[in-house]
file query-v9.cif (mmCIF, C-alpha atoms)
data_query
#
loop_
_atom_site.label_atom_id
_atom_site.label_comp_id
_atom_site.auth_asym_id
_atom_site.auth_seq_id
_atom_site.Cartn_x
_atom_site.Cartn_y
_atom_site.Cartn_z
CA MET A 1 0.00 0.00 0.00
CA ASP A 2 1.77 3.17 -1.23
CA ALA A 3 1.24 6.55 0.41
CA LEU A 4 2.02 9.97 -1.06
CA TRP A 5 3.55 12.27 1.55
CA LEU A 6 3.56 16.04 1.16
CA VAL A 7 6.15 17.52 3.51
CA GLY A 8 7.84 20.93 3.77
CA ASP A 9 7.52 24.47 2.49
CA PRO A 10 7.34 24.24 -0.44
CA ALA A 11 5.93 20.75 -0.26
CA ARG A 12 8.04 17.89 -1.46
CA CYS A 13 6.48 14.64 -2.62
CA TYR A 14 7.51 11.27 -1.24
CA ARG A 15 6.03 7.98 -2.46
CA VAL A 16 6.40 5.72 0.57
CA PRO A 17 5.56 1.99 0.38
CA ASP A 18 4.63 -0.48 3.10
CA GLN A 19 3.13 2.06 5.54
CA HIS A 20 6.51 3.45 6.65
CA MET A 21 6.77 6.54 8.86
CA ILE A 22 9.29 8.99 7.35
CA VAL A 23 9.19 11.71 10.06
CA ASN A 24 10.25 11.76 13.70
CA ASN A 25 8.11 12.85 16.63
CA THR A 26 8.87 16.53 15.89
CA GLY A 27 7.87 16.24 12.24
CA ALA A 28 11.39 16.34 10.81
CA LEU A 29 12.20 14.02 7.93
CA LEU A 30 14.18 10.90 8.71
CA ASP A 31 17.40 10.19 6.87
CA ASP A 32 15.94 7.15 5.09
CA ALA A 33 13.20 9.28 3.45
CA ALA A 34 15.46 10.50 0.65
CA PRO A 35 15.05 7.45 -1.65
CA TYR A 36 11.30 7.99 -1.70
CA ARG A 37 11.53 11.54 -3.07
CA GLN A 38 9.55 12.18 -6.29
CA GLU A 39 10.42 15.01 -8.67
CA ILE A 40 7.27 16.92 -9.56
CA HIS A 41 7.52 19.63 -12.21
CA SER A 42 3.88 20.32 -13.12
CA ALA A 43 0.32 19.93 -11.96
CA SER A 44 -0.18 17.03 -14.39
CA ASP A 45 2.76 15.20 -12.77
CA PHE A 46 1.18 15.73 -9.37
CA GLU A 47 -2.20 14.48 -10.56
CA ALA A 48 -0.67 11.37 -12.13
CA LEU A 49 1.20 10.59 -8.92
CA CYS A 50 -2.02 10.94 -6.88
CA HIS A 51 -3.69 8.36 -9.12
CA ALA A 52 -0.78 5.97 -8.66
CA VAL A 53 -0.91 5.74 -4.82
CA ASP A 54 -3.43 4.46 -2.28
CA LEU A 55 -3.36 7.24 0.35
CA LEU A 56 -2.31 10.87 0.75
CA VAL A 57 -0.51 12.08 3.89
CA PHE A 58 -0.37 15.87 4.20
CA ALA A 59 2.00 17.12 6.88
CA GLU A 60 1.22 20.30 8.79
CA GLY A 61 3.08 23.26 7.39
CA ALA A 62 3.39 21.76 3.92
CA ILE A 63 2.68 24.29 1.19
CA VAL A 64 1.94 23.09 -2.34
CA PRO A 65 3.19 25.34 -5.17
CA GLU A 66 -0.37 26.29 -6.10
CA HIS A 67 -3.58 25.90 -4.12
CA SER A 68 -5.34 24.72 -7.30
CA TRP A 69 -3.28 21.52 -7.08
CA LEU A 70 -5.47 20.42 -4.19
CA GLU A 71 -8.44 20.24 -6.58
CA LEU A 72 -6.53 17.65 -8.62
CA ILE A 73 -6.53 15.17 -5.74
CA PRO A 74 -8.92 12.31 -6.70
CA VAL A 75 -12.07 12.08 -4.61
CA HIS A 76 -11.56 8.38 -3.99
CA LEU A 77 -8.07 8.90 -2.50
CA PRO A 78 -8.09 8.70 1.36
CA LYS A 79 -6.60 11.92 2.80
CA ILE A 80 -4.76 11.99 6.16
CA VAL A 81 -3.37 15.09 7.92
CA LEU A 82 -0.16 14.59 9.92
CA LEU A 83 -0.08 16.69 13.11
CA THR A 84 3.37 17.59 14.43
CA ARG A 85 4.61 19.35 17.54
CA GLY A 86 6.59 22.01 15.78
CA ASN A 87 4.01 23.43 13.35
CA GLY A 88 0.64 25.10 13.60
CA HIS A 89 -2.26 24.63 11.20
CA SER A 90 -1.52 26.12 7.79
CA ASP A 91 -4.03 27.65 5.42
CA VAL A 92 -3.50 24.82 2.98
CA ALA A 93 -4.19 22.24 5.68
CA ILE A 94 -7.43 24.04 6.48
CA GLN A 95 -8.34 24.08 2.79
CA LEU A 96 -7.56 20.37 2.57
CA THR A 97 -9.90 19.83 5.51
CA HIS A 98 -12.67 21.50 3.53
CA VAL A 99 -11.92 19.26 0.57
CA GLY A 100 -12.45 16.29 2.84
CA VAL A 101 -10.04 14.81 5.37
CA ASP A 102 -10.61 11.19 6.33
CA ALA A 103 -8.36 11.02 9.42
CA TYR A 104 -5.66 12.70 11.48
CA ILE A 105 -2.44 11.17 12.79
CA THR A 106 0.41 12.55 14.89
CA SER A 107 4.11 12.27 14.49
CA ALA A 108 4.28 10.86 18.04
CA MET A 109 2.56 7.67 16.90
CA SER A 110 4.47 4.40 16.91
CA GLN A 111 5.13 2.64 13.64
CA ALA A 112 2.62 -0.08 14.55
CA ASP A 113 -0.13 2.43 15.41
CA TYR A 114 0.56 4.39 12.23
CA ALA A 115 0.31 1.24 10.08
CA LEU A 116 -2.93 0.27 11.82
CA VAL A 117 -4.47 3.72 11.21
CA MET A 118 -3.35 3.72 7.57
CA ARG A 119 -4.90 0.31 6.93
CA LYS A 120 -8.11 1.23 8.77
CA VAL A 121 -8.52 4.54 6.91
CA TYR A 122 -7.94 2.85 3.57
CA GLU A 123 -10.47 0.07 4.27
CA ASP A 124 -13.07 2.51 5.59
CA LYS A 125 -12.64 4.72 2.53
CA GLN A 126 -13.14 1.76 0.21
CA SER A 127 -16.26 0.73 2.12
CA ILE A 128 -17.68 4.26 1.91
CA LEU A 129 -16.95 4.49 -1.82
CA ALA A 130 -18.56 1.09 -2.39
CA LEU A 131 -21.62 2.18 -0.42
CA GLN A 132 -21.85 5.43 -2.36
CA GLN A 133 -21.64 3.55 -5.65
CA GLU A 134 -24.33 1.16 -4.51
CA LEU A 135 -26.56 4.07 -3.55
CA LYS A 136 -25.96 5.63 -6.95
CA ASN A 137 -26.89 2.36 -8.61
CA PHE A 138 -30.07 2.10 -6.54
CA SER A 139 -30.88 5.74 -7.33
CA ALA A 140 -30.37 5.10 -11.03
CA ILE A 141 -32.61 2.03 -10.86
CA ALA A 142 -35.26 3.98 -8.95
CA PHE A 143 -35.09 6.84 -11.44
CA THR A 144 -35.41 4.43 -14.35
CA ALA A 145 -38.41 2.76 -12.68
CA MET A 146 -40.10 6.10 -12.02
CA SER A 147 -39.42 7.27 -15.57
CA SER A 148 -40.83 4.04 -16.98
CA ALA A 149 -43.91 4.36 -14.76
CA SER A 150 -44.42 7.94 -15.90
CA GLU A 151 -44.05 7.04 -19.57
CA MET A 152 -46.48 4.11 -19.27
CA GLY A 153 -48.78 6.40 -17.29
CA THR A 154 -48.77 8.75 -20.28
CA ILE A 155 -49.82 5.86 -22.53
CA ALA A 156 -52.55 4.84 -20.05
CA VAL A 157 -53.98 8.37 -20.06
CA PHE A 158 -53.78 8.42 -23.85
CA ALA A 159 -55.62 5.08 -24.11
CA GLU A 160 -58.38 6.47 -21.89
CA LYS A 161 -58.70 9.79 -23.73
CA ILE A 162 -59.00 8.31 -27.22
CA GLN A 163 -62.15 6.41 -26.23
CA GLU A 164 -63.92 9.77 -26.54
CA VAL A 165 -62.43 10.56 -29.96
CA MET A 166 -64.75 10.52 -32.96
CA GLU A 167 -62.55 12.16 -35.62
CA LEU A 168 -59.09 11.47 -37.02
CA GLU A 169 -58.12 15.12 -36.48
CA ARG A 170 -58.79 14.81 -32.76
CA LEU A 171 -56.92 11.47 -32.61
CA ALA A 172 -53.88 13.04 -34.28
CA HIS A 173 -54.06 15.95 -31.82
CA LEU A 174 -53.96 13.54 -28.87
CA ILE A 175 -51.02 11.64 -30.39
CA HIS A 176 -49.04 14.87 -30.71
CA SER A 177 -50.04 15.83 -27.17
CA CYS A 178 -48.76 12.49 -25.88
CA LEU A 179 -45.51 12.99 -27.78
CA GLY A 180 -45.22 16.39 -26.12
CA ASP A 181 -45.57 14.74 -22.69
CA LEU A 182 -42.63 12.54 -23.67
CA ASN A 183 -40.64 15.59 -24.88
CA LEU A 184 -40.82 14.40 -28.48
CA SER A 185 -42.23 15.66 -31.75
CA GLY A 186 -43.09 13.96 -35.00
CA VAL A 187 -45.45 13.31 -37.91
CA VAL A 188 -48.61 11.18 -37.92
CA GLN A 189 -50.00 9.56 -41.07
CA PHE A 190 -53.27 7.61 -41.40
CA VAL A 191 -53.39 5.19 -44.33
CA PHE A 192 -56.61 3.67 -45.68
CA ASP A 193 -57.55 2.32 -49.10
CA ASP A 194 -59.52 5.40 -50.02
CA GLU A 195 -57.47 8.11 -48.31
CA THR A 196 -54.12 9.07 -46.76
CA ARG A 197 -54.00 11.92 -44.23
CA LEU A 198 -50.99 13.68 -42.69
CA PHE A 199 -50.81 15.60 -39.42
CA PRO A 200 -49.34 18.15 -39.75
CA ALA A 201 -50.18 18.38 -43.42
CA ALA A 202 -47.12 20.46 -44.35
CA ILE A 203 -43.94 18.42 -43.88
CA SER A 204 -40.59 18.30 -45.65
CA PRO A 205 -40.23 16.15 -48.79
CA ALA A 206 -37.62 14.03 -46.98
CA TYR A 207 -40.09 13.11 -44.21
CA LEU A 208 -42.76 12.38 -46.82
CA GLN A 209 -40.37 10.08 -48.67
CA LEU A 210 -39.51 8.23 -45.44
CA LEU A 211 -43.19 7.60 -44.75
CA SER A 212 -43.76 6.46 -48.33
CA LEU A 213 -40.83 4.04 -48.29
CA ALA A 214 -41.88 2.63 -44.92
CA ARG A 215 -45.22 1.54 -46.40
CA ASP A 216 -43.37 -0.79 -48.78
CA THR A 217 -41.39 -2.57 -46.06
CA SER A 218 -42.50 -5.28 -43.67
CA ALA A 219 -40.56 -3.81 -40.72
CA ARG A 220 -42.76 -2.43 -37.96
CA ILE A 221 -40.10 -0.31 -36.20
CA ILE A 222 -37.20 1.42 -37.94
CA SER A 223 -34.67 3.45 -35.95
CA GLN A 224 -31.71 5.47 -37.11
CA GLY A 225 -30.15 8.06 -34.84
CA ARG A 226 -32.72 10.63 -33.76
CA PHE A 227 -35.33 9.19 -36.14
CA LEU A 228 -37.82 6.56 -34.99
CA LEU A 229 -40.38 5.29 -37.50
CA PHE A 230 -43.32 3.08 -36.52
CA SER A 231 -45.10 1.68 -39.58
CA PHE A 232 -48.36 -0.16 -38.93
CA THR A 233 -51.07 -1.11 -41.42
CA HIS A 234 -53.21 2.00 -41.02
CA LEU A 235 -51.00 4.33 -38.96
CA GLN A 236 -47.45 5.56 -39.27
CA LEU A 237 -45.58 7.66 -36.72
CA LEU A 238 -42.26 9.35 -37.50
CA VAL A 239 -40.44 10.71 -34.43
CA THR A 240 -37.85 13.27 -35.47
CA ASP A 241 -36.03 14.05 -32.21
CA ALA A 242 -35.55 10.78 -30.32
CA PRO A 243 -32.84 10.90 -27.60
CA ALA A 244 -30.21 8.88 -29.48
CA SER A 245 -27.51 9.85 -26.96
CA ASP A 246 -29.44 8.26 -24.07
CA GLU A 247 -29.49 4.57 -24.99
CA GLU A 248 -31.56 3.50 -21.98
CA ARG A 249 -34.35 6.02 -22.58
CA TYR A 250 -34.11 5.47 -26.33
CA GLY A 251 -34.86 1.78 -25.83
CA ARG A 252 -37.73 2.50 -23.44
CA LEU A 253 -39.30 4.96 -25.87
CA ARG A 254 -39.23 2.37 -28.66
CA ASP A 255 -41.40 0.06 -26.54
CA VAL A 256 -43.63 2.83 -25.19
CA LEU A 257 -44.28 4.38 -28.61
CA ALA A 258 -44.97 0.95 -30.12
CA HIS A 259 -47.81 0.60 -27.59
CA LEU A 260 -49.03 4.11 -28.39
CA VAL A 261 -49.14 3.48 -32.15
CA SER A 262 -50.87 0.12 -31.68
CA ILE A 263 -53.56 1.68 -29.49
CA ALA A 264 -54.00 4.65 -31.84
CA GLU A 265 -54.26 2.40 -34.90
CA ALA A 266 -57.01 0.34 -33.25
CA ARG A 267 -58.99 3.52 -32.59
CA ALA A 268 -58.35 4.79 -36.13
CA LYS A 269 -59.75 1.54 -37.57
CA THR A 270 -62.77 1.86 -35.28
CA LEU A 271 -63.38 5.41 -36.52
CA LYS A 272 -63.07 4.23 -40.12
CA VAL A 273 -65.51 1.37 -39.53
CA ASN A 274 -67.87 3.80 -37.85
CA SER A 275 -67.79 6.18 -40.81
CA LEU A 276 -68.37 3.31 -43.25
CA LEU A 277 -71.19 2.04 -41.07
CA LYS A 278 -72.89 5.44 -41.10
CA ILE A 279 -72.64 5.48 -44.88
CA GLN A 280 -74.21 2.03 -45.02
CA GLN A 281 -76.93 3.20 -42.65
CA ASP A 282 -77.78 6.07 -44.97
CA ASN A 283 -77.75 3.76 -48.00
CA THR A 284 -79.94 1.21 -46.23
CA ARG A 285 -82.44 3.88 -45.18
CA THR A 286 -82.57 5.14 -48.76
CA VAL A 287 -83.23 1.61 -50.04
CA MET A 288 -85.86 1.11 -47.36
CA MET A 289 -87.61 4.33 -48.28
CA LEU A 290 -87.60 3.42 -51.97
CA LEU A 291 -88.88 -0.07 -51.14
CA GLU A 292 -91.71 1.29 -49.03
CA MET A 293 -92.70 3.76 -51.74
CA SER A 294 -92.59 1.06 -54.39
CA SER A 295 -94.55 -1.35 -52.21
CA ARG A 296 -97.19 1.26 -51.50
CA ASP A 297 -97.53 2.12 -55.18
CA ASN A 298 -97.70 -1.57 -56.08
CA ARG A 299 -100.45 -2.24 -53.55
CA ASN A 300 -102.51 0.65 -54.85
CA ALA A 301 -101.95 -0.38 -58.47
CA VAL A 302 -102.80 -4.04 -57.80
CA LYS A 303 -105.91 -3.10 -55.92
CA GLU A 304 -107.03 -0.82 -58.72
CA ILE A 305 -106.19 -3.34 -61.47
CA MET A 306 -107.86 -6.27 -59.72
CA THR A 307 -110.97 -4.23 -58.95
CA GLU A 308 -111.30 -3.21 -62.59
CA LEU A 309 -110.56 -6.77 -63.71
CA SER A 310 -113.20 -8.22 -61.38
CA ASP A 311 -115.83 -5.76 -62.54
CA SER A 312 -114.92 -6.38 -66.17
CA LEU A 313 -115.16 -10.14 -65.74
CA ARG A 314 -118.55 -9.89 -64.10
CA LEU A 315 -119.87 -7.79 -66.99
CA MET A 316 -118.33 -10.15 -69.51
CA ALA A 317 -119.82 -13.17 -67.72
CA THR A 318 -123.32 -11.76 -68.10
CA GLY A 319 -122.80 -10.51 -71.65
CA LEU A 320 -121.23 -13.63 -73.14
CA ASP A 321 -124.28 -15.80 -72.44
CA LEU A 322 -122.25 -18.20 -70.28
CA ASN A 323 -123.91 -20.83 -68.23
CA MET A 324 -123.64 -20.79 -64.45
CA GLU A 325 -120.73 -23.23 -64.37
CA GLN A 326 -118.67 -21.25 -66.86
CA GLU A 327 -119.40 -17.96 -65.13
CA THR A 328 -118.37 -19.42 -61.75
CA ALA A 329 -115.09 -20.75 -63.20
CA LEU A 330 -114.27 -17.37 -64.74
CA LEU A 331 -114.94 -15.52 -61.50
CA SER A 332 -112.94 -18.08 -59.49
CA LEU A 333 -110.00 -17.47 -61.82
CA SER A 334 -110.22 -13.78 -60.99
CA GLU A 335 -110.35 -14.48 -57.26
CA LYS A 336 -107.37 -16.81 -57.55
CA ALA A 337 -105.29 -14.14 -59.26
CA LEU A 338 -106.29 -11.65 -56.55
CA VAL A 339 -105.23 -14.06 -53.78
CA SER A 340 -101.87 -14.69 -55.52
CA LEU A 341 -101.20 -10.98 -55.75
CA GLU A 342 -102.13 -10.50 -52.10
CA GLY A 343 -99.63 -13.24 -51.19
CA LEU A 344 -96.98 -11.39 -53.17
CA GLN A 345 -97.81 -8.25 -51.21
CA GLU A 346 -97.38 -10.15 -47.95
CA ALA A 347 -93.90 -11.30 -49.09
CA THR A 348 -93.02 -7.72 -49.89
CA GLU A 349 -94.17 -6.65 -46.44
CA ALA A 350 -91.96 -9.39 -44.91
CA VAL A 351 -88.99 -7.98 -46.83
CA GLU A 352 -89.81 -4.53 -45.44
CA VAL A 353 -89.90 -5.91 -41.89
CA HIS A 354 -86.51 -7.56 -42.45
CA PHE A 355 -85.04 -4.30 -43.73
CA ARG A 356 -86.43 -2.40 -40.75
CA SER A 357 -84.78 -4.94 -38.44
CA LEU A 358 -81.51 -4.55 -40.33
CA VAL A 359 -81.65 -0.77 -39.98
CA GLN A 360 -82.31 -1.14 -36.24
CA GLU A 361 -79.31 -3.46 -35.84
CA LEU A 362 -77.11 -0.98 -37.71
CA ASP A 363 -78.32 1.76 -35.39
CA ASN A 364 -77.46 -0.36 -32.34
CA VAL A 365 -73.94 -1.09 -33.65
CA ALA A 366 -73.35 2.57 -34.47
CA HIS A 367 -74.48 3.53 -30.99
CA LEU A 368 -71.78 1.28 -29.49
CA LEU A 369 -69.15 3.20 -31.46
CA ASP A 370 -70.38 6.61 -30.37
CA ALA A 371 -68.47 8.62 -27.76
CA PRO A 372 -69.71 8.34 -24.15
CA GLU A 373 -72.33 10.84 -23.07
CA GLY A 374 -70.83 14.02 -21.77
CA ALA A 375 -67.51 13.44 -23.56
CA THR A 376 -65.83 16.67 -24.55
CA GLU A 377 -64.54 16.67 -28.11
CA GLU A 378 -62.28 19.69 -27.55
CA ASP A 379 -60.21 19.84 -24.43
CA GLU A 380 -57.50 22.48 -24.40
CA HIS A 381 -55.99 20.92 -21.28
CA ASP A 382 -55.52 17.31 -22.22
CA SER A 383 -54.55 15.05 -19.33
CA ARG A 384 -50.84 15.00 -18.85
CA VAL A 385 -48.40 12.97 -16.78
CA GLU A 386 -45.29 14.67 -15.42
CA LEU A 387 -42.14 12.71 -16.30
CA PHE A 388 -39.44 12.36 -13.68
#

call {"tool": "encode", "arguments": {"input": "query-v9.cif", "output": "structure tokens"}}
result
Amino acid sequence: MDALWLVGDPARCYRVPDQHMIVNNTGALLDDAAPYRQEIHSASDFEALCHAVDLLVFAEGAIVPEHSWLELIPVHLPKIVLLTRGNGHSDVAIQLTHVGVDAYITSAMSQADYALVMRKVYEDKQSILALQQELKNFSAIAFTAMSSASEMGTIAVFAEKIQEVMELERLAHLIHSCLGDLNLSGVVQFVFDDETRLFPAAISPAYLQLLSLARDTSARIISQGRFLLFSFTHLQLLVTDAPASDEERYGRLRDVLAHLVSIAEARAKTLKVNSLLKIQQDNTRTVMMLLEMSSRDNRNAVKEIMTELSDSLRLMATGLDLNMEQETALLSLSEKALVSLEGLQEATEAVEVHFRSLVQELDNVAHLLDAPEGATEEDEHDSRVELF
């Protein structure tokens, strides 16, 4: 275990091995200290020597060439002040105390006591440093856990808010708001067979090309530096300022944003289905209205035609000099035709009932896709989660 001794005015450096004492009880250097002398010509030499030893012993009255040299002493190096009978406390010793002194020894100590103190100070310093590092590690783990909880909390709030969304514009607004909570910005693109919509609409040609190329690849997540691209079937998200320098957070954001895009795409598909369903509702109602009008006109026309036909047949039966059997057969033929047409009308009415049931079912399905009662479509203060 090597110790660096600073002795004298100006201070001279001695690299002393094996816990030797190189001063007498008055603080004067012993004759055998000379071989341990180290020639120091600059602050960098002093700093390198500090990193090469296990302890630092600073004798009272020692004056380093410049006070700034004390700032070069490594934090992990145990620092011991040597108290002697012939010197008072110097300003540099007081400054060293403020930097952080681990122990004091006196020149009157025996060699055995000095070695014991040196070993104890070194072991205690190592234990303290190990404990500090462990605390830092626990703090880092705790911070990571809190950050992850906050980021997932942001996604949870987002998943709750989009249940009230009924338009793609509002969904895109919430996605950008969630990105803002994560200190990110980007571009959102919805892709359907009949339309492609960008939010914001005005983006650079390079971003537009990235989104276009991503649609032709099977990769879901593409990352390159500060760019993160999530390409799903109906939704693409391009993040333009991902924290590439922070690998841990970068990795967490990949997972978090993948959840966000998946949730948002599910809602986008629901909105698209809802819009298509409303169109089908309108078409079905139009068909139903036309069917009812046609059925009503048909009933009136059939009634009028059959009434005229029945009257005509009765007149013809009396004017054609038919016998009773022939007249009855002719009239029964007329009645049979009337009954057949009435049966056809009943079938038409059954079709109308079926269509009305279909319209009712479409209404019920559309109602399930509507926003909850009391939901606010525009909220200037969207729910946010503070990140640690």

call {"tool": "residues_around", "arguments": {"input": "query-v9.cif", "residues": "A:Asp18", "least_positions_apart": "4", "cutoff": "9 Å", "atoms": "all atoms listed in the file", "output": "ChimeraX atom specification"}}
result
/A:1-3,115

call {"tool": "resolve_selection", "arguments": {"input": "query-v9.cif", "expression": "the PyMOL selection byres ((chain A and resi 237-241) around 7)", "output": "list in words"}}
result
Leu184, Ser185, Gly186, Val187, Val188, Gln189, Arg226, Phe227, Leu228, Leu229, Phe230, Ser231, Leu235, Gln236, Ala242 and Pro243 of chain A

call {"tool": "write_last_selection", "arguments": {"input": "query-v9.cif", "atoms": "C-alpha atoms", "output": "CSV table (one decimal), keeping the file's coordinate frame"}}
result
chain,number,residue,atom,x,y,z
A,184,LEU,CA,-40.8,14.4,-28.5
A,185,SER,CA,-42.2,15.7,-31.8
A,186,GLY,CA,-43.1,14.0,-35.0
A,187,VAL,CA,-45.4,13.3,-37.9
A,188,VAL,CA,-48.6,11.2,-37.9
A,189,GLN,CA,-50.0,9.6,-41.1
A,226,ARG,CA,-32.7,10.6,-33.8
A,227,PHE,CA,-35.3,9.2,-36.1
A,228,LEU,CA,-37.8,6.6,-35.0
A,229,LEU,CA,-40.4,5.3,-37.5
A,230,PHE,CA,-43.3,3.1,-36.5
A,231,SER,CA,-45.1,1.7,-39.6
A,235,LEU,CA,-51.0,4.3,-39.0
A,236,GLN,CA,-47.4,5.6,-39.3
A,242,ALA,CA,-35.6,10.8,-30.3
A,243,PRO,CA,-32.8,10.9,-27.6

call {"tool": "atom_distance", "arguments": {"input": "query-v9.cif", "atom1": "atom CA of A:Pro10", "atom2": "atom CA of A:Ala112"}}
result
29.0 Å

call {"tool": "resolve_selection", "arguments": {"input": "query-v9.cif", "expression": "the PyMOL selection byres ((chain A and resi 20) around 9)", "output": "list in words"}}
result
Ala3, Val16, Pro17, Asp18, Gln19, Met21, Ile22, Gln111, Tyr114 and Ala115 of chain A

call {"tool": "write_last_selection", "arguments": {"input": "query-v9.cif", "atoms": "C-alpha atoms", "output": "compact mmCIF listing (two decimals), keeping the file's coordinate frame"}}
result
# COMPACT_ATOMS: atom_id res chain seq x y z
CA ALA A 3 1.24 6.55 0.41
CA VAL A 16 6.40 5.72 0.57
CA PRO A 17 5.56 1.99 0.38
CA ASP A 18 4.63 -0.48 3.10
CA GLN A 19 3.13 2.06 5.54
CA MET A 21 6.77 6.54 8.86
CA ILE A 22 9.29 8.99 7.35
CA GLN A 111 5.13 2.64 13.64
CA TYR A 114 0.56 4.39 12.23
CA ALA A 115 0.31 1.24 10.08

call {"tool": "resolve_selection", "arguments": {"input": "query-v9.cif", "expression": "the PyMOL selection byres ((chain A and resi 155) around 10)", "output": "list of chain:residue names"}}
result
A:Ala149, A:Ser150, A:Glu151, A:Met152, A:Gly153, A:Thr154, A:Ala156, A:Val157, A:Phe158, A:Ala159, A:Glu160, A:Lys161, A:Ile175, A:Cys178, A:Leu179, A:Asp181, A:Leu182, A:Val256, A:Leu257, A:His259, A:Leu260, A:Val261, A:Ile263, A:Arg384, A:Val385

call {"tool": "write_last_selection", "arguments": {"input": "query-v9.cif", "atoms": "C-alpha atoms", "output": "mmCIF file, in the frame of the given file"}}
result
data_model
loop_
_atom_site.group_PDB
_atom_site.id
_atom_site.type_symbol
_atom_site.label_atom_id
_atom_site.label_comp_id
_atom_site.auth_asym_id
_atom_site.auth_seq_id
_atom_site.Cartn_x
_atom_site.Cartn_y
_atom_site.Cartn_z
ATOM 1 C CA ALA A 149 -43.910 4.360 -14.760
ATOM 2 C CA SER A 150 -44.420 7.940 -15.900
ATOM 3 C CA GLU A 151 -44.050 7.040 -19.570
ATOM 4 C CA MET A 152 -46.480 4.110 -19.270
ATOM 5 C CA GLY A 153 -48.780 6.400 -17.290
ATOM 6 C CA THR A 154 -48.770 8.750 -20.280
ATOM 7 C CA ALA A 156 -52.550 4.840 -20.050
ATOM 8 C CA VAL A 157 -53.980 8.370 -20.060
ATOM 9 C CA PHE A 158 -53.780 8.420 -23.850
ATOM 10 C CA ALA A 159 -55.620 5.080 -24.110
ATOM 11 C CA GLU A 160 -58.380 6.470 -21.890
ATOM 12 C CA LYS A 161 -58.700 9.790 -23.730
ATOM 13 C CA ILE A 175 -51.020 11.640 -30.390
ATOM 14 C CA CYS A 178 -48.760 12.490 -25.880
ATOM 15 C CA LEU A 179 -45.510 12.990 -27.780
ATOM 16 C CA ASP A 181 -45.570 14.740 -22.690
ATOM 17 C CA LEU A 182 -42.630 12.540 -23.670
ATOM 18 C CA VAL A 256 -43.630 2.830 -25.190
ATOM 19 C CA LEU A 257 -44.280 4.380 -28.610
ATOM 20 C CA HIS A 259 -47.810 0.600 -27.590
ATOM 21 C CA LEU A 260 -49.030 4.110 -28.390
ATOM 22 C CA VAL A 261 -49.140 3.480 -32.150
ATOM 23 C CA ILE A 263 -53.560 1.680 -29.490
ATOM 24 C CA ARG A 384 -50.840 15.000 -18.850
ATOM 25 C CA VAL A 385 -48.400 12.970 -16.780
#

call {"tool": "atom_distance", "arguments": {"input": "query-v9.cif", "atom1": "atom CA of A:Thr233", "atom2": "atom CA of A:Leu198"}}
result
14.8 Å

call {"tool": "closest_residue", "arguments": {"input": "query-v9.cif", "among": "A:Glu361, A:Asp216, A:Glu248, A:Glu123", "to": "A:Gln281", "atoms": "all atoms listed in the file"}}
result
A:Glu361

call {"tool": "atom_distance", "arguments": {"input": "query-v9.cif", "atom1": "atom CA of A:His173", "atom2": "atom CA of A:Asp282"}}
result
28.9 Å

call {"tool": "residues_around", "arguments": {"input": "query-v9.cif", "residues": "A:Cys50", "least_positions_apart": "2", "cutoff": "9 Å", "atoms": "all atoms listed in the file", "output": "list in words"}}
result
Leu4, Asp45, Phe46, Glu47, Ala48, Ala52, Val53, Asp54, Leu55, Leu56, Leu72, Ile73, Pro74 and Leu77 of chain A
